[in-house]
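Content type mmCIF, C-alpha atoms and all ligand atoms, from the file structure.cif:
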```cif
data_input
loop_
_atom_site.label_atom_id
_atom_site.label_comp_id
_atom_site.auth_asym_id
_atom_site.auth_seq_id
_atom_site.Cartn_x
_atom_site.Cartn_y
_atom_site.Cartn_z
CA MET A 40 89.30 106.09 59.97
CA ALA A 41 88.24 109.70 59.42
CA LYS A 42 87.50 109.93 63.10
CA LYS A 43 90.96 108.69 64.00
CA VAL A 44 92.59 111.18 61.66
CA SER A 45 90.68 114.10 63.13
CA LYS A 46 91.59 112.90 66.61
CA ALA A 47 95.18 112.69 65.45
CA LEU A 48 95.08 116.27 64.17
CA GLU A 49 93.59 117.43 67.43
CA ILE A 50 96.43 115.87 69.37
CA LEU A 51 98.95 117.21 66.89
CA SER A 52 97.67 120.72 67.38
CA ILE A 53 97.98 120.35 71.13
CA LEU A 54 101.49 119.02 70.71
CA SER A 55 102.47 121.80 68.33
CA VAL A 56 101.82 124.23 71.17
CA VAL A 57 104.10 122.12 73.33
CA SER A 58 106.69 122.19 70.54
CA MET A 59 107.12 125.92 71.08
CA SER A 60 109.09 124.97 74.16
CA GLY A 61 111.81 123.31 72.15
CA LEU A 62 110.55 120.00 70.86
CA ILE A 63 111.91 119.25 67.46
CA GLY A 64 109.21 117.05 66.09
CA ILE A 65 106.66 114.40 66.53
CA ILE A 66 106.72 110.83 65.40
CA ILE A 67 103.46 109.05 64.93
CA THR A 68 103.64 105.34 65.45
CA THR A 69 100.81 102.99 64.76
CA THR A 70 100.68 100.00 67.04
CA MET A 71 99.68 96.53 65.99
CA GLN A 72 96.22 97.12 67.42
CA SER A 73 95.99 100.11 65.09
CA ASN A 74 95.56 102.51 67.97
CA SER A 75 97.53 105.62 67.32
CA VAL A 76 100.21 106.35 69.82
CA PHE A 77 102.01 109.64 69.83
CA VAL A 78 105.59 109.67 70.81
CA LEU A 79 107.47 112.89 71.23
CA ALA A 80 110.69 113.01 69.33
CA ARG A 81 113.87 113.87 71.15
CA ASP A 82 114.63 117.44 71.98
CA ASP A 83 117.50 119.19 73.68
CA ASN A 84 116.47 118.03 77.13
CA VAL A 85 114.92 114.63 76.55
CA ASP A 86 117.17 112.02 75.02
CA MET A 87 114.65 109.25 74.56
CA ASN A 88 111.05 108.29 74.41
CA PRO A 89 109.60 107.20 77.72
CA ILE A 90 109.00 103.55 78.46
CA ILE A 91 105.23 103.27 78.65
CA MET A 92 104.86 99.49 78.70
CA HIS A 93 106.56 97.40 81.36
CA ILE A 94 105.56 93.79 82.02
CA HIS A 95 107.37 90.70 83.27
CA PRO A 96 106.54 87.27 81.90
CA HIS A 97 108.59 84.38 83.24
CA PHE A 98 110.29 81.98 80.89
CA SER A 99 111.70 78.51 81.48
CA ILE A 100 113.21 76.10 79.05
CA PHE A 101 113.87 72.38 79.16
CA VAL A 102 115.98 70.61 76.58
CA ASN A 103 115.50 66.84 76.53
CA GLY A 104 114.02 67.10 80.00
CA THR A 105 116.90 69.07 81.48
CA SER A 106 116.29 72.56 82.80
CA PHE A 107 118.36 75.14 81.03
CA SER A 108 118.94 78.52 82.61
CA VAL A 109 117.96 81.58 80.65
CA PRO A 110 121.05 83.78 80.40
CA GLU A 111 121.24 87.24 81.86
CA GLN A 112 121.72 90.23 79.54
CA ILE A 113 119.68 88.92 76.62
CA GLY A 114 118.90 91.99 74.54
CA ILE A 115 121.65 93.95 76.29
CA ASP A 116 124.93 92.08 75.72
CA PRO A 117 125.76 92.21 71.99
CA SER A 118 126.42 88.45 71.92
CA LEU A 119 122.86 87.84 73.14
CA TRP A 120 121.24 90.49 70.99
CA LYS A 121 120.97 89.06 67.50
CA ASP A 122 117.86 90.64 66.08
CA HIS A 123 117.71 94.42 66.04
CA SER A 124 114.43 94.98 64.24
CA LEU A 125 112.66 96.13 67.44
CA ASP A 126 115.44 98.33 68.82
CA GLU A 127 113.55 101.56 68.18
CA PHE A 128 111.00 100.52 70.83
CA GLY A 129 113.59 99.76 73.49
CA MET A 130 115.61 101.86 75.87
CA GLN A 131 118.17 103.96 74.03
CA SER A 132 121.62 104.32 75.49
CA MET A 133 122.28 107.17 77.91
CA PRO A 134 126.05 107.48 78.08
CA GLU A 135 125.84 110.34 80.57
CA MET A 136 124.13 107.96 83.02
CA SER A 137 126.27 104.97 81.99
CA MET A 138 123.21 103.14 80.76
CA SER A 139 123.50 100.96 77.71
CA ALA A 140 120.77 100.46 75.16
CA MET A 141 118.37 97.56 75.61
CA ALA A 142 116.08 95.71 73.28
CA PRO A 143 112.42 96.06 74.32
CA LEU A 144 112.62 92.39 75.38
CA HIS A 145 115.56 91.65 77.64
CA THR A 146 116.78 89.87 80.77
CA HIS A 147 118.77 91.30 83.65
CA ASP A 148 119.49 88.05 85.50
CA ASN A 149 119.17 84.32 84.94
CA SER A 150 115.94 83.92 86.92
CA GLY A 151 113.88 83.56 83.74
CA ILE A 152 112.16 86.90 84.20
CA VAL A 153 111.80 88.59 80.83
CA HIS A 154 111.53 92.37 80.93
CA VAL A 155 109.21 93.79 78.33
CA GLU A 156 110.01 97.50 78.39
CA SER A 157 108.72 99.39 75.43
CA THR A 158 108.18 102.93 74.24
CA ILE A 159 104.94 101.87 72.58
CA ASN A 160 102.10 99.64 73.68
CA ARG A 161 102.15 96.63 71.42
CA ASN A 162 101.95 92.88 71.62
CA TYR A 163 105.30 91.15 71.88
CA THR A 164 105.61 87.48 71.06
CA LEU A 165 107.76 84.67 72.34
CA GLY A 166 109.22 84.38 68.81
CA GLU A 167 110.42 87.98 68.99
CA PHE A 168 112.14 87.25 72.30
CA LEU A 169 113.79 84.12 70.88
CA ASP A 170 114.95 86.04 67.81
CA ILE A 171 116.58 88.73 69.96
CA TRP A 172 118.26 86.00 71.99
CA GLY A 173 119.25 84.24 68.78
CA LEU A 174 117.65 80.88 69.61
CA ASN A 175 116.39 78.90 66.71
CA PHE A 176 114.45 75.68 67.12
CA ASP A 177 114.27 74.69 63.47
CA GLY A 178 113.88 70.95 63.16
CA LYS A 179 113.15 70.48 66.88
CA ALA A 180 109.94 69.42 68.51
CA VAL A 181 108.85 72.24 70.81
CA LYS A 182 106.05 72.04 73.33
CA MET A 183 104.88 75.21 75.05
CA SER A 184 102.64 75.61 78.04
CA VAL A 185 101.60 78.63 80.06
CA ASP A 186 100.95 78.54 83.80
CA ASP A 187 101.25 74.74 83.68
CA ASP A 188 98.12 74.51 81.58
CA LYS A 189 97.73 72.20 78.60
CA PRO A 190 100.23 72.68 75.75
CA LEU A 191 99.47 75.43 73.25
CA PRO A 192 100.32 75.33 69.55
CA ASP A 193 102.36 77.97 67.73
CA PHE A 194 104.78 78.97 70.46
CA ARG A 195 106.42 81.62 68.27
CA ASN A 196 103.28 83.71 67.98
CA HIS A 197 102.36 83.43 71.63
CA ILE A 198 101.83 86.90 73.09
CA LEU A 199 103.84 87.58 76.23
CA GLY A 200 101.62 88.40 79.20
CA ASP A 201 102.53 89.95 82.53
CA GLY A 202 103.34 87.40 85.22
CA LYS A 203 102.71 84.43 82.92
CA GLN A 204 104.89 81.37 83.41
CA ILE A 205 105.89 80.24 79.95
CA LYS A 206 107.49 76.84 79.70
CA LEU A 207 109.17 75.49 76.58
CA GLU A 208 110.10 71.85 76.28
CA VAL A 209 112.45 71.17 73.40
CA GLN A 210 113.24 67.72 72.07
CU CU A 301 111.44 95.22 83.92
#
```

Would you write the structure of this file as structure tokens?
Amino acid sequence: MAKKVSKALEILSILSVVSMSGLIGIIITTTMQSNSVFVLARDDNVDMNPIIMHIHPHFSIFVNGTSFSVPEQIGIDPSLWKDHSLDEFGMQSMPEMSMSAMAPLHTHDNSGIVHVESTINRNYTLGEFLDIWGLNFDGKAVKMSVDDDKPLPDFRNHILGDGKQIKLEVQ
């Protein structure tokens, strides 16, 4: 711990030199893996933190055996963006470029590709994606498999991996 703190101070002192050029402040965010990640706060020129994590799992869902298409604009369209607890890690809106805000987990089309685009490196789970979407499987039997392998328990806590084919079968 002491080592991490001294490392943190070292980076802070480097960044405080940078802050001479107009940065307002520094936010320290601790990721779930307890690695410290330093994110520069907004200044006059930079309106948002950079996206440093960008992966694309693929998601498919079957309800009673019928394939169900994953809607586009999850985590972008307000009607498909129910949980806002992770918004700070997503893309912030840039009105001057006509770009709307996005949750760190979102879809652009109905192909099933989930975009994980985050300002910090952290594990994102399938449950977090479903919460943003607003899907709730309470009382349903849910079977999850990844890359057509054998079913895995605890679909909600499954960590989304790049290029993984996640299949949910709901009954
Ligand atoms: Cu993407």

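For ligand CU 301 (chain A), the neighbouring protein, DNA and RNA residues, which are those within 7 Å when all atoms listed in the file are counted, are A:His93, A:Ile94, A:His95, A:His154, A:Val155, A:Glu156.
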
Grab the residues selected above and save them as an mmCIF file, in the frame of the given file with C-alpha atoms.
```
data_model
loop_
_atom_site.group_PDB
_atom_site.id
_atom_site.type_symbol
_atom_site.label_atom_id
_atom_site.label_comp_id
_atom_site.auth_asym_id
_atom_site.auth_seq_id
_atom_site.Cartn_x
_atom_site.Cartn_y
_atom_site.Cartn_z
ATOM 1 C CA HIS A 93 106.560 97.400 81.360
ATOM 2 C CA ILE A 94 105.560 93.790 82.020
ATOM 3 C CA HIS A 95 107.370 90.700 83.270
ATOM 4 C CA HIS A 154 111.530 92.370 80.930
ATOM 5 C CA VAL A 155 109.210 93.790 78.330
ATOM 6 C CA GLU A 156 110.010 97.500 78.390
#
```

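Using only C-alpha atoms for every distance, the candidate list A:Leu207, A:Ala140, A:Ile159, A:Ile171 yields A:Leu207 as the residue closest to Val185 in chain A.
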
Quiz item: Given the choices A:Ser139, A:Thr105, A:Ser99, A:Gln131, which gets closest to Ile152 in chain A if the distance is worked out from all atoms listed in the file?
Solution: A:Ser99

Edge lengths and centre in Å to one decimal, as lines of an AutoDock Vina configuration file, is what I'm after for the box along x, y and z that holds all listed atoms of range 100-109 of chain A once 8 Å is added on each side.
```
center_x = 116.1
center_y = 74.2
center_z = 79.7
size_x = 21.7
size_y = 30.7
size_z = 22.3
```

At a cut-off of 12 Å around the point (118.7, 84.6, 70.0) (file coordinates), what residues fall inside when counting all atoms listed in the file? I'd like the answer as a PDB file with C-alpha atoms, keeping the file's coordinate frame.
```pdb
ATOM      1  CA  VAL A 109     117.960  81.580  80.650  1.00  0.00           C
ATOM      2  CA  PRO A 110     121.050  83.780  80.400  1.00  0.00           C
ATOM      3  CA  GLN A 112     121.720  90.230  79.540  1.00  0.00           C
ATOM      4  CA  ILE A 113     119.680  88.920  76.620  1.00  0.00           C
ATOM      5  CA  GLY A 114     118.900  91.990  74.540  1.00  0.00           C
ATOM      6  CA  ILE A 115     121.650  93.950  76.290  1.00  0.00           C
ATOM      7  CA  ASP A 116     124.930  92.080  75.720  1.00  0.00           C
ATOM      8  CA  PRO A 117     125.760  92.210  71.990  1.00  0.00           C
ATOM      9  CA  SER A 118     126.420  88.450  71.920  1.00  0.00           C
ATOM     10  CA  LEU A 119     122.860  87.840  73.140  1.00  0.00           C
ATOM     11  CA  TRP A 120     121.240  90.490  70.990  1.00  0.00           C
ATOM     12  CA  LYS A 121     120.970  89.060  67.500  1.00  0.00           C
ATOM     13  CA  ASP A 122     117.860  90.640  66.080  1.00  0.00           C
ATOM     14  CA  HIS A 123     117.710  94.420  66.040  1.00  0.00           C
ATOM     15  CA  ALA A 142     116.080  95.710  73.280  1.00  0.00           C
ATOM     16  CA  LEU A 144     112.620  92.390  75.380  1.00  0.00           C
ATOM     17  CA  HIS A 145     115.560  91.650  77.640  1.00  0.00           C
ATOM     18  CA  LEU A 165     107.760  84.670  72.340  1.00  0.00           C
ATOM     19  CA  GLY A 166     109.220  84.380  68.810  1.00  0.00           C
ATOM     20  CA  GLU A 167     110.420  87.980  68.990  1.00  0.00           C
ATOM     21  CA  PHE A 168     112.140  87.250  72.300  1.00  0.00           C
ATOM     22  CA  LEU A 169     113.790  84.120  70.880  1.00  0.00           C
ATOM     23  CA  ASP A 170     114.950  86.040  67.810  1.00  0.00           C
ATOM     24  CA  ILE A 171     116.580  88.730  69.960  1.00  0.00           C
ATOM     25  CA  TRP A 172     118.260  86.000  71.990  1.00  0.00           C
ATOM     26  CA  GLY A 173     119.250  84.240  68.780  1.00  0.00           C
ATOM     27  CA  LEU A 174     117.650  80.880  69.610  1.00  0.00           C
ATOM     28  CA  ASN A 175     116.390  78.900  66.710  1.00  0.00           C
ATOM     29  CA  PHE A 176     114.450  75.680  67.120  1.00  0.00           C
TER      30      PHE A 176
END
```

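If only C-alpha atoms are the atoms counted, then among A:His147, A:Lys179, A:Arg161, A:His97 the closest residue to Lys206 in chain A is A:His97.
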
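Note that CA of Pro89 in chain A and CA of Glu135 in chain A are 16.8 Å apart.
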
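Straight-line separation from CA of Ile205 in chain A to CA of Met141 in chain A: 21.8 Å.
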
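With only C-alpha atoms as the atoms that count, the minimum distance from Phe107 in chain A to the choices A:Phe194, A:Gly202, A:Asn149, A:Thr158 is reached by A:Asn149.
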
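CA of Thr146 in chain A lies 20.5 Å from CA of Met87 in chain A.
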
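If all atoms listed in the file are the atoms counted, then among A:Thr164, A:Val153, A:Asp177, A:Gln210 the closest residue to His197 in chain A is A:Thr164.
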
Self-check item: Residue nearest Asp186 in chain A among A:Gly151, A:Pro96, A:Pro134, A:Pro143 (counting all atoms listed in the file)
Solution: A:Pro96
